[in-house]
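First the structure, in the form of structure tokens, and then the observations on it.
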Amino acid sequence: MLELNEGIAEYTGIIVSSRDDQSTKSYLTKGMDRSLRNRTFVRSFAYQTIPSYGYLLFKQDKKWNKKINATTDLTDYFMKRFATLIPSTTEKDFKDLALKYNGQVIFDEENERDSENKRLIKEHKTKFVESPHFEIAFEMMNYSFDPRAIIPVENFGTYYPTTRITDIWGILTVEKGALISPDWKKFRSQCQYLLIIT
């Protein structure tokens, strides 16, 4: 759904921009490089994958996106259009590929990222679930946020370091973190971390 909602929109914006071919390639490549430094790919990966794959397909079929609908599985779609097959991989194949593609560096980076994410999840769980906090229910909520920095916190919801929420009760600006429930019905925070404008 994220690829359909955000990825296609991002792709469209890039295609209708005034960039020439070289500038577009540079923009997409730099975006991919930046995304690899994100703490998480939750709610952010589609801003890179669909524009990049879409641009490659655009070189073959300028109207490919007109064939997409609300039920399209974009992974399957791109695999078929690029005639891509993912072979079964044995453990030996995996180890050989890891050596070929600088695997140890990737493993080390991912292990470090995983350890830091676990530390942050524990910290956010302590702060917004186990410690005293308050909750506000949503009624007709809209919000904006940075998709590069959010973190799922077990089954309690998703942590947003900053966000701006509007609802019938006013405007809420979160500057030092909030936890939005997985059913989108409420959020948790601590008093000193937000500002409500009514």
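Chain identifiers are assigned as A, B, and so on, following the order in which chains appear in the structure tokens; residues are numbered from 1 within each chain, and ligands are numbered from 1 in order of appearance.
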
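Within 8 Å of Tyr143 of chain A, once only C-alpha atoms are used and residues closer than 4 positions along the same chain are dropped, the contacting residues are Thr163, Arg164, Ile165 and Thr166 of chain A.
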
Check: Mind checking DSSP for segment 11-183 of chain A and telling me the alpha helix (DSSP H) residues as a ChimeraX atom specification?
Finding: /A:11-15,21-35,46-58,74-81,91-100,103-125

Residues as selected, C-alpha atoms, written as a tab-separated table (two decimals), in the first residue's frame, can you do that?
```
chain	number	residue	atom	x	y	z
A	11	TYR	CA	7.79	8.58	-9.11
A	12	THR	CA	5.28	10.91	-10.80
A	13	GLY	CA	6.87	13.96	-9.20
A	14	ILE	CA	10.30	12.95	-10.49
A	15	ILE	CA	9.05	12.26	-14.01
A	21	ASP	CA	18.28	12.25	-17.77
A	22	GLN	CA	21.63	12.63	-16.01
A	23	SER	CA	20.17	14.79	-13.24
A	24	THR	CA	17.39	12.26	-12.67
A	25	LYS	CA	19.88	9.40	-12.35
A	26	SER	CA	21.98	11.45	-9.95
A	27	TYR	CA	18.94	12.37	-7.85
A	28	LEU	CA	17.80	8.74	-7.58
A	29	THR	CA	21.29	7.44	-6.79
A	30	LYS	CA	21.86	10.02	-4.06
A	31	GLY	CA	18.42	9.26	-2.62
A	32	MET	CA	19.28	5.56	-2.41
A	33	ASP	CA	22.58	6.37	-0.70
A	34	ARG	CA	20.81	8.62	1.84
A	35	SER	CA	18.13	6.02	2.54
A	46	ALA	CA	8.81	3.22	-1.10
A	47	TYR	CA	10.10	6.75	-1.66
A	48	GLN	CA	13.23	5.12	-3.11
A	49	THR	CA	12.20	1.76	-4.58
A	50	ILE	CA	9.29	2.75	-6.81
A	51	PRO	CA	10.86	5.91	-8.30
A	52	SER	CA	14.04	3.98	-9.10
A	53	TYR	CA	12.40	0.88	-10.58
A	54	GLY	CA	9.78	3.07	-12.21
A	55	TYR	CA	12.40	5.24	-13.87
A	56	LEU	CA	14.17	2.19	-15.31
A	57	LEU	CA	10.85	0.94	-16.67
A	58	PHE	CA	10.01	4.42	-17.98
A	74	LEU	CA	4.24	-3.75	-7.53
A	75	THR	CA	6.94	-6.27	-6.59
A	76	ASP	CA	5.36	-8.88	-8.86
A	77	TYR	CA	4.70	-6.26	-11.52
A	78	PHE	CA	8.32	-5.11	-11.74
A	79	MET	CA	9.65	-8.67	-11.61
A	80	LYS	CA	7.49	-9.63	-14.59
A	81	ARG	CA	8.28	-6.48	-16.57
A	91	GLU	CA	23.79	-21.57	2.18
A	92	LYS	CA	26.95	-21.90	0.09
A	93	ASP	CA	25.50	-19.63	-2.62
A	94	PHE	CA	24.62	-17.09	0.06
A	95	LYS	CA	28.13	-17.14	1.53
A	96	ASP	CA	29.69	-16.80	-1.93
A	97	LEU	CA	27.46	-13.83	-2.73
A	98	ALA	CA	28.25	-12.27	0.64
A	99	LEU	CA	31.96	-12.40	-0.13
A	100	LYS	CA	31.40	-10.98	-3.61
A	103	GLY	CA	28.96	-9.00	2.98
A	104	GLN	CA	30.89	-8.69	6.24
A	105	VAL	CA	30.64	-4.90	6.15
A	106	ILE	CA	26.89	-5.20	5.56
A	107	PHE	CA	26.49	-7.76	8.37
A	108	ASP	CA	28.42	-5.53	10.78
A	109	GLU	CA	26.36	-2.46	9.83
A	110	GLU	CA	23.07	-4.34	10.16
A	111	ASN	CA	24.03	-5.89	13.50
A	112	GLU	CA	24.97	-2.45	14.80
A	113	ARG	CA	21.71	-0.99	13.46
A	114	ASP	CA	19.73	-3.86	15.02
A	115	SER	CA	21.38	-3.40	18.43
A	116	GLU	CA	20.68	0.34	18.39
A	117	ASN	CA	17.05	-0.22	17.30
A	118	LYS	CA	16.53	-2.71	20.15
A	119	ARG	CA	17.96	-0.18	22.59
A	120	LEU	CA	15.63	2.53	21.25
A	121	ILE	CA	12.59	0.25	21.33
A	122	LYS	CA	13.29	-0.59	24.98
A	123	GLU	CA	13.75	3.12	25.75
A	124	HIS	CA	10.51	4.12	24.01
A	125	LYS	CA	8.58	1.28	25.66
```

Notebook entry, point to check: Taking into account only C-alpha atoms, which residue in the set A:Ala70, A:Leu85, A:Val16, A:Leu2 is nearest to Pro147 of chain A?
Noted result: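 Closest to Pro147 of chain A, using only C-alpha atoms: A:Leu2.
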
Check: Using only C-alpha atoms, which residue out of A:Asp20, A:Thr72, A:Phe138, A:Asp167 lies closest to Leu4 of chain A?
Finding: A:Thr72

Checklist line | Residue list (strand (DSSP E or B), DSSP) for segment 56-178 of chain A, as a ChimeraX atom specification | finding: /A:134-137,142-145,151-153,157-160,163-167,170-174,178
